[in-house]
2 protein chains.
Amino acid sequence: MSRLSEFALIAELFAPLAKSQGAFGLTDDAALFSPRPGHDLIVTADALVEGVHFRKDDPPQTIARKALRVNLSDLAAKGAEPTGYLLVLSLPAHIENDWLRDFAHGLELDQKTYGCSLMGGDTTSTPGPLTLAITALGYVPDGKMILRAGAKPGDSVYVSGTIGDAGAGLAVLEGEGAHLSEAVREHLIQRYRLPTPRLILGKQLRGAASAALDVSDGLIGDLAHIAEVSHVGIEIEADHIPRSAALRALWGEDAVRAATAGDDYEIAFTARPEEQIDKIAARAGVSVSRIGRVTKGTGVVLLDAARREIAVPRPGFTHF
Amino acid sequence: MSRLSEFALIAELFAPLAKSQGAFGLTDDAALFSPRPGHDLIVTADALVEGVHFRKDDPPQTIARKALRVNLSDLAAKGAEPTGYLLVLSLPAHIENDWLRDFAHGLELDQKTYGCSLMGGDTTSTPGPLTLAITALGYVPDGKMILRAGAKPGDSVYVSGTIGDAGAGLAVLEGEGAHLSEAVREHLIQRYRLPTPRLILGKQLRGAASAALDVSDGLIGDLAHIAEVSHVGIEIEADHIPRSAALRALWGEDAVRAATAGDDYEIAFTARPEEQIDKIAARAGVSVSRIGRVTKGTGVVLLDAARREIAVPRPGFTHF
């Protein structure tokens, strides 16, 4: 097996990613975060398991970047600005040096893009599939964290970007859409492999959104979490769910499939008034669509153009 | 399969462990840590993989507690006081509700003992072995974190508790020591399954220890990390390495095996003068042994009673 020793791996590939003083070049037991005056620290953790969250043949660079980005996406939805992350890597024997170099390079690219750095973690062997757990930390001004609880009847419901692309990308990797152009297929696959955390939008939504979360398990299923903890109902108009041309080429007008596919890592949020959101979207440089409204009811209802309810048999992905 | 759904699992078993306001009852994307004035936040992450860090037949309660305790042990060695932790749990299909209830109960017991609570995390399925990653957070007064770098020639080297018991416990589980009494075997197995994070000692060592770490991979191998980052040498007297009667019953006077077995989760540290350390140990209610001294050299040397060097072929555990 061609593999650096555990300590050489950390020293050669990961220590260069530890750019903050509090990471001690990954030579200590723990990392130090000095408090930023007037700020709270927001902390989130998400795991990626080979064969569950990514495919074995996905490029190491996008696996690394996706693992980091799904965590940054959680920070984005809370209005937080990332500062650092810890990486727990459980490596099966077949992973070799070249793979690890590409993996570390992927992290390096995204650290630069998103302004954060590796602070610590753990590297272990595993007899099972490659498993990554990242804990990401970010700052938000005191009291400005955007919660899931907070949506109020009368608020509008919004979502960033387009919905369903990532799920469609996974479907393409699994054999759907063989008749489509290479460009369409690639666009969808890329959306699956490399989500875009909406950090600038999240920051702009501080004080403007009444509730927010990132869409990871499916738009309908995730909005149900906001409805539940905010004690409100949510009505979504199927026709208003933003969908890309590539997605329509694969799945046509099937809004239910798009809104339950998951892996979008867009921000869904509630807010009013609408003019403010248009300005925020323009400043953040990302499209934001109004897709529905908050009601006094409970749960999430998907409506067609005639306001008839569309059945949603499985609102989102669950692991078991 | 008898298993709660993913959301029911979180609501029924894990939400009751989320006692801090910033955990939002595990209903949000991320946790909030309000800064404690005058303190730094210390963050550490460690993974446990079934078949690597624990045995499949270990009780779920001790698996949970060990996962938490190995992280608290890192905080202890840095002089930090735990506040909360995030749990990433990758569950194979064979794990059932009873197992999960015992697991959660184990966390609950240790939360009470060590004064911390669950703040968030992630639950996923895995086709591989059970894998847990915990990220623990703790506070230390500004500038008082105890680093690995800081040992100075002339300092004494100390270690808490006894060394080698956990490695011996694993050996017993793997078939060694069948001739020993049940009590001896149980003592060693318990030390393997349930380490004791030395949190009170760690707190007392703030400002007194020049360097510290927790012994996880083997005493000699871990002290080599202090030697390396402090740019010093370390001499250890084999006869002074504290060993329990149970360990001696299994491995006799074999100091090398004890000092390289790993999984001890004791604190090894450097300090002077000696009287101060005696008082600290008494206040912390834990035995502390002086095992050697810091020199101007490099690396770690193990010496016998005649000050002859004892060969250490493999100073500590490495994953690859």
# chains A, B, ... in the order shown; residues from 1 in each chain; ligands from 1
>>> calpha_fit_and_write(fixed="chain B", moving="chain A", output="compact mmCIF listing (two decimals) with C-alpha atoms, in the first residue's frame")
# COMPACT_ATOMS: atom_id res chain seq x y z
CA MET A 1 -35.46 -3.99 11.92
CA SER A 2 -36.57 -2.43 15.16
CA ARG A 3 -35.36 1.12 14.90
CA LEU A 4 -36.87 4.51 15.58
CA SER A 5 -36.95 6.77 12.53
CA GLU A 6 -34.08 9.23 12.24
CA PHE A 7 -36.12 12.14 13.59
CA ALA A 8 -37.79 10.11 16.34
CA LEU A 9 -34.38 8.89 17.43
CA ILE A 10 -33.16 12.46 17.79
CA ALA A 11 -36.36 13.68 19.49
CA GLU A 12 -36.75 10.79 21.92
CA LEU A 13 -33.21 9.81 22.79
CA PHE A 14 -30.91 12.72 22.05
CA ALA A 15 -32.97 15.91 22.52
CA PRO A 16 -33.29 15.22 26.29
CA LEU A 17 -29.48 15.36 26.45
CA ALA A 18 -29.45 18.85 24.91
CA LYS A 19 -29.86 20.83 28.12
CA SER A 20 -28.19 24.06 27.07
CA GLN A 21 -30.25 26.87 25.54
CA GLY A 22 -27.79 27.21 22.66
CA ALA A 23 -28.56 23.65 21.54
CA PHE A 24 -32.16 24.62 20.65
CA GLY A 25 -33.32 21.13 21.65
CA LEU A 26 -31.44 19.82 18.57
CA THR A 27 -34.10 21.39 16.32
CA ASP A 28 -31.82 23.84 14.51
CA ASP A 29 -28.97 23.54 11.98
CA ALA A 30 -26.27 24.63 14.41
CA ALA A 31 -25.51 25.34 18.06
CA LEU A 32 -24.77 28.69 19.62
CA PHE A 33 -21.96 29.29 22.13
CA SER A 34 -22.08 32.66 23.84
CA PRO A 35 -18.55 33.67 24.75
CA ARG A 36 -17.65 33.41 28.42
CA PRO A 37 -15.93 36.72 29.27
CA GLY A 38 -12.20 36.38 29.86
CA HIS A 39 -12.06 32.87 28.43
CA ASP A 40 -10.82 31.13 25.30
CA LEU A 41 -12.75 28.26 23.77
CA ILE A 42 -10.82 24.99 23.39
CA VAL A 43 -12.09 22.58 20.73
CA THR A 44 -11.07 18.98 20.07
CA ALA A 45 -12.41 16.10 17.97
CA ASP A 46 -11.80 12.35 18.22
CA ALA A 47 -13.37 9.44 16.39
CA LEU A 48 -14.08 5.91 17.57
CA VAL A 49 -14.51 3.15 15.00
CA GLU A 50 -15.94 -0.27 15.86
CA GLY A 51 -13.23 -2.89 15.51
CA VAL A 52 -10.50 -0.24 15.82
CA HIS A 53 -11.20 1.75 19.00
CA PHE A 54 -13.75 -0.53 20.61
CA ARG A 55 -14.99 -4.06 20.20
CA LYS A 56 -18.34 -4.92 18.67
CA ASP A 57 -19.36 -6.70 21.89
CA ASP A 58 -18.48 -3.75 24.15
CA PRO A 59 -21.59 -2.51 25.99
CA PRO A 60 -23.27 0.48 24.24
CA GLN A 61 -23.13 2.43 27.47
CA THR A 62 -19.36 2.21 27.73
CA ILE A 63 -18.91 2.88 23.99
CA ALA A 64 -20.83 6.15 24.41
CA ARG A 65 -19.01 7.10 27.58
CA LYS A 66 -15.60 6.25 26.16
CA ALA A 67 -16.27 8.34 23.04
CA LEU A 68 -17.16 11.32 25.22
CA ARG A 69 -14.38 10.72 27.74
CA VAL A 70 -11.52 10.49 25.24
CA ASN A 71 -12.52 13.96 24.08
CA LEU A 72 -12.91 15.30 27.61
CA SER A 73 -9.46 13.88 28.29
CA ASP A 74 -8.03 16.15 25.58
CA LEU A 75 -9.74 19.14 27.21
CA ALA A 76 -8.41 18.06 30.61
CA ALA A 77 -4.83 17.97 29.35
CA LYS A 78 -5.24 21.54 28.09
CA GLY A 79 -6.58 22.81 31.42
CA ALA A 80 -10.05 23.36 29.95
CA GLU A 81 -13.44 22.92 31.59
CA PRO A 82 -15.94 21.13 29.31
CA THR A 83 -19.14 22.89 28.28
CA GLY A 84 -20.67 20.91 25.41
CA TYR A 85 -20.12 18.45 22.59
CA LEU A 86 -21.40 17.55 19.14
CA LEU A 87 -21.97 13.90 18.23
CA VAL A 88 -21.74 12.49 14.73
CA LEU A 89 -23.12 8.97 14.68
CA SER A 90 -22.88 6.68 11.63
CA LEU A 91 -25.13 3.71 12.33
CA PRO A 92 -25.02 0.30 10.65
CA ALA A 93 -28.39 -1.40 10.10
CA HIS A 94 -27.94 -3.94 12.91
CA ILE A 95 -28.08 -1.30 15.66
CA GLU A 96 -31.49 -1.47 17.36
CA ASN A 97 -33.48 0.71 19.72
CA ASP A 98 -32.37 -0.99 22.93
CA TRP A 99 -28.77 -0.48 21.97
CA LEU A 100 -29.43 3.20 21.22
CA ARG A 101 -31.27 3.72 24.50
CA ASP A 102 -28.33 2.29 26.46
CA PHE A 103 -25.98 4.42 24.40
CA ALA A 104 -27.93 7.61 25.17
CA HIS A 105 -28.14 6.62 28.82
CA GLY A 106 -24.36 6.33 28.92
CA LEU A 107 -24.03 9.87 27.61
CA GLU A 108 -26.53 11.11 30.17
CA LEU A 109 -24.56 9.59 33.04
CA ASP A 110 -21.33 11.22 31.93
CA GLN A 111 -22.91 14.57 31.16
CA LYS A 112 -23.89 14.73 34.82
CA THR A 113 -20.49 13.61 36.03
CA TYR A 114 -18.51 16.02 33.89
CA GLY A 115 -20.84 19.01 33.58
CA CYS A 116 -21.42 19.22 29.84
CA SER A 117 -24.29 18.60 27.46
CA LEU A 118 -25.07 17.61 23.88
CA MET A 119 -25.14 20.63 21.55
CA GLY A 120 -25.75 19.11 18.12
CA GLY A 121 -24.36 16.77 15.53
CA ASP A 122 -25.51 14.47 12.79
CA THR A 123 -26.97 10.98 12.48
CA THR A 124 -26.42 8.99 9.30
CA SER A 125 -26.64 5.41 8.14
CA THR A 126 -23.50 3.52 7.12
CA PRO A 127 -22.89 0.25 5.30
CA GLY A 128 -19.74 -0.09 7.42
CA PRO A 129 -18.91 -0.39 11.12
CA LEU A 130 -20.42 1.86 13.78
CA THR A 131 -18.44 5.10 13.72
CA LEU A 132 -18.68 7.94 16.22
CA ALA A 133 -17.02 11.31 16.04
CA ILE A 134 -17.32 13.69 18.95
CA THR A 135 -16.24 17.31 18.97
CA ALA A 136 -15.93 18.63 22.52
CA LEU A 137 -15.72 22.29 23.54
CA GLY A 138 -14.44 23.74 26.78
CA TYR A 139 -13.41 27.01 28.34
CA VAL A 140 -10.06 28.03 29.73
CA PRO A 141 -9.22 31.45 31.20
CA ASP A 142 -7.54 33.70 28.60
CA GLY A 143 -3.99 32.59 27.85
CA LYS A 144 -4.08 29.68 30.31
CA MET A 145 -4.36 26.80 27.83
CA ILE A 146 -1.61 24.26 28.55
CA LEU A 147 0.24 23.49 25.32
CA ARG A 148 2.43 20.61 24.20
CA ALA A 149 5.13 23.13 23.40
CA GLY A 150 6.64 24.60 26.56
CA ALA A 151 8.70 21.87 28.24
CA LYS A 152 12.11 23.20 29.31
CA PRO A 153 15.34 21.39 30.16
CA GLY A 154 15.41 20.83 33.90
CA ASP A 155 11.64 20.31 34.20
CA SER A 156 10.44 17.06 35.72
CA VAL A 157 8.13 14.74 33.77
CA TYR A 158 4.97 13.45 35.46
CA VAL A 159 2.05 11.23 34.67
CA SER A 160 -1.28 10.76 36.46
CA GLY A 161 -2.80 7.45 37.56
CA THR A 162 -1.32 4.18 36.32
CA ILE A 163 -0.10 3.30 32.84
CA GLY A 164 -0.77 0.20 30.74
CA ASP A 165 -4.01 -0.97 32.33
CA ALA A 166 -6.18 -0.19 29.31
CA GLY A 167 -3.86 -1.94 26.88
CA ALA A 168 -3.78 -4.90 29.25
CA GLY A 169 -7.59 -4.85 29.41
CA LEU A 170 -7.75 -5.11 25.64
CA ALA A 171 -5.25 -8.00 25.78
CA VAL A 172 -7.50 -9.77 28.31
CA LEU A 173 -10.52 -9.30 26.02
CA GLU A 174 -8.41 -10.83 23.26
CA GLY A 175 -7.60 -13.92 25.34
CA GLU A 176 -4.56 -13.14 27.51
CA GLY A 177 -4.51 -13.75 31.25
CA ALA A 178 -7.03 -16.60 31.40
CA HIS A 179 -5.23 -17.81 34.56
CA LEU A 180 -5.87 -14.55 36.44
CA SER A 181 -8.67 -13.91 38.92
CA GLU A 182 -11.96 -12.52 37.67
CA ALA A 183 -11.40 -9.35 39.74
CA VAL A 184 -8.02 -8.63 38.13
CA ARG A 185 -9.37 -9.26 34.65
CA GLU A 186 -12.42 -7.09 35.27
CA HIS A 187 -10.32 -4.23 36.62
CA LEU A 188 -8.19 -4.17 33.48
CA ILE A 189 -11.18 -4.53 31.10
CA GLN A 190 -12.93 -1.67 32.88
CA ARG A 191 -9.87 0.53 32.43
CA TYR A 192 -9.98 -0.23 28.70
CA ARG A 193 -13.68 0.41 28.33
CA LEU A 194 -14.02 3.42 30.58
CA PRO A 195 -11.11 5.83 30.86
CA THR A 196 -11.21 8.62 33.45
CA PRO A 197 -10.63 12.11 32.06
CA ARG A 198 -8.45 13.97 34.59
CA LEU A 199 -10.41 17.21 34.44
CA ILE A 200 -9.83 18.38 38.01
CA LEU A 201 -6.11 17.74 37.72
CA GLY A 202 -5.97 19.55 34.37
CA LYS A 203 -7.61 22.63 35.85
CA GLN A 204 -5.12 22.61 38.74
CA LEU A 205 -2.21 22.36 36.30
CA ARG A 206 -3.01 25.71 34.65
CA GLY A 207 0.00 27.92 35.19
CA ALA A 208 1.91 25.05 36.84
CA ALA A 209 2.60 22.62 33.98
CA SER A 210 4.98 23.83 31.28
CA ALA A 211 3.55 21.29 28.76
CA ALA A 212 0.91 18.56 28.84
CA LEU A 213 -1.02 16.07 26.72
CA ASP A 214 -3.27 13.12 27.30
CA VAL A 215 -1.79 9.66 26.79
CA SER A 216 -3.81 7.95 24.09
CA ASP A 217 -1.36 6.17 21.77
CA GLY A 218 1.21 5.08 24.35
CA LEU A 219 3.21 6.97 27.00
CA ILE A 220 6.55 6.91 25.16
CA GLY A 221 5.05 7.81 21.77
CA ASP A 222 2.99 10.64 23.20
CA LEU A 223 5.87 12.10 25.23
CA ALA A 224 7.82 12.17 21.96
CA HIS A 225 5.26 14.74 20.72
CA ILE A 226 6.06 17.01 23.68
CA ALA A 227 9.79 16.53 23.07
CA GLU A 228 9.41 17.37 19.39
CA VAL A 229 7.31 20.52 19.63
CA SER A 230 9.14 21.76 22.75
CA HIS A 231 12.55 21.10 21.10
CA VAL A 232 13.82 19.15 24.10
CA GLY A 233 14.73 15.60 25.04
CA ILE A 234 12.96 13.49 27.65
CA GLU A 235 14.48 10.79 29.88
CA ILE A 236 12.05 8.35 31.46
CA GLU A 237 13.02 5.94 34.24
CA ALA A 238 11.25 2.67 33.53
CA ASP A 239 11.00 1.76 37.22
CA HIS A 240 9.14 4.98 37.97
CA ILE A 241 6.33 4.41 35.47
CA PRO A 242 3.29 3.87 37.71
CA ARG A 243 1.76 0.44 37.21
CA SER A 244 -1.16 -1.24 38.96
CA ALA A 245 -0.99 -4.58 40.74
CA ALA A 246 -3.47 -5.92 38.17
CA LEU A 247 -1.17 -4.93 35.34
CA ARG A 248 1.85 -6.52 37.02
CA ALA A 249 -0.16 -9.71 37.48
CA LEU A 250 -0.62 -9.85 33.69
CA TRP A 251 2.56 -8.39 32.23
CA GLY A 252 5.01 -8.60 35.16
CA GLU A 253 7.80 -6.00 35.05
CA ASP A 254 7.54 -5.35 31.29
CA ALA A 255 7.68 -1.53 31.39
CA VAL A 256 8.04 -1.20 27.63
CA ARG A 257 4.77 -2.94 26.96
CA ALA A 258 2.95 -0.81 29.57
CA ALA A 259 4.45 2.42 28.25
CA THR A 260 3.54 1.73 24.62
CA ALA A 261 0.14 0.07 24.99
CA GLY A 262 -1.98 3.21 24.69
CA ASP A 263 -5.59 4.03 25.58
CA ASP A 264 -4.54 5.24 29.04
CA TYR A 265 -6.10 8.71 28.91
CA GLU A 266 -3.91 9.87 31.75
CA ILE A 267 -2.23 13.28 31.67
CA ALA A 268 1.51 13.38 31.03
CA PHE A 269 3.08 16.74 31.79
CA THR A 270 6.26 18.61 32.53
CA ALA A 271 6.70 21.03 35.43
CA ARG A 272 8.77 22.22 38.35
CA PRO A 273 9.14 22.55 41.25
CA GLU A 274 8.14 19.19 42.65
CA GLU A 275 6.57 20.35 45.92
CA GLN A 276 3.92 22.29 44.00
CA ILE A 277 2.94 19.19 42.01
CA ASP A 278 2.52 17.12 45.17
CA LYS A 279 0.06 19.71 46.48
CA ILE A 280 -1.79 19.86 43.16
CA ALA A 281 -2.13 16.08 43.04
CA ALA A 282 -3.47 16.04 46.58
CA ARG A 283 -6.04 18.75 45.77
CA ALA A 284 -7.10 16.91 42.59
CA GLY A 285 -7.42 13.64 44.46
CA VAL A 286 -5.38 11.70 41.91
CA SER A 287 -1.97 10.07 42.15
CA VAL A 288 0.75 11.77 40.14
CA SER A 289 4.15 10.12 39.61
CA ARG A 290 7.44 11.75 38.70
CA ILE A 291 8.77 9.54 35.91
CA GLY A 292 11.68 11.45 34.44
CA ARG A 293 13.16 14.73 33.37
CA VAL A 294 13.45 17.09 30.44
CA THR A 295 16.92 17.41 28.88
CA LYS A 296 18.60 19.51 26.20
CA GLY A 297 18.59 16.55 23.80
CA THR A 298 15.93 15.28 21.42
CA GLY A 299 13.45 12.40 21.54
CA VAL A 300 12.47 10.15 24.41
CA VAL A 301 14.86 7.72 26.08
CA LEU A 302 13.71 4.95 28.43
CA LEU A 303 16.27 4.09 31.12
CA ASP A 304 16.65 1.12 33.47
CA ALA A 305 17.73 1.42 37.12
CA ALA A 306 21.41 1.46 36.03
CA ARG A 307 20.58 4.29 33.55
CA ARG A 308 21.10 2.00 30.57
CA GLU A 309 18.84 2.70 27.62
CA ILE A 310 16.02 0.22 27.07
CA ALA A 311 15.13 -0.35 23.40
CA VAL A 312 11.58 0.67 22.45
CA PRO A 313 10.85 -0.85 19.04
CA ARG A 314 7.39 0.72 18.64
CA PRO A 315 6.81 3.74 20.89
CA GLY A 316 3.06 4.03 20.32
CA PHE A 317 0.01 3.05 18.34
CA THR A 318 -0.37 4.45 14.82
CA HIS A 319 -3.27 3.80 12.50
CA PHE A 320 -1.12 3.31 9.39
>>> select_by_dssp(residues="region 32-149 of chain B", states="strand (DSSP E)", output="ChimeraX atom specification")
/B:32-33,39-49,81-91,117-125,131-141
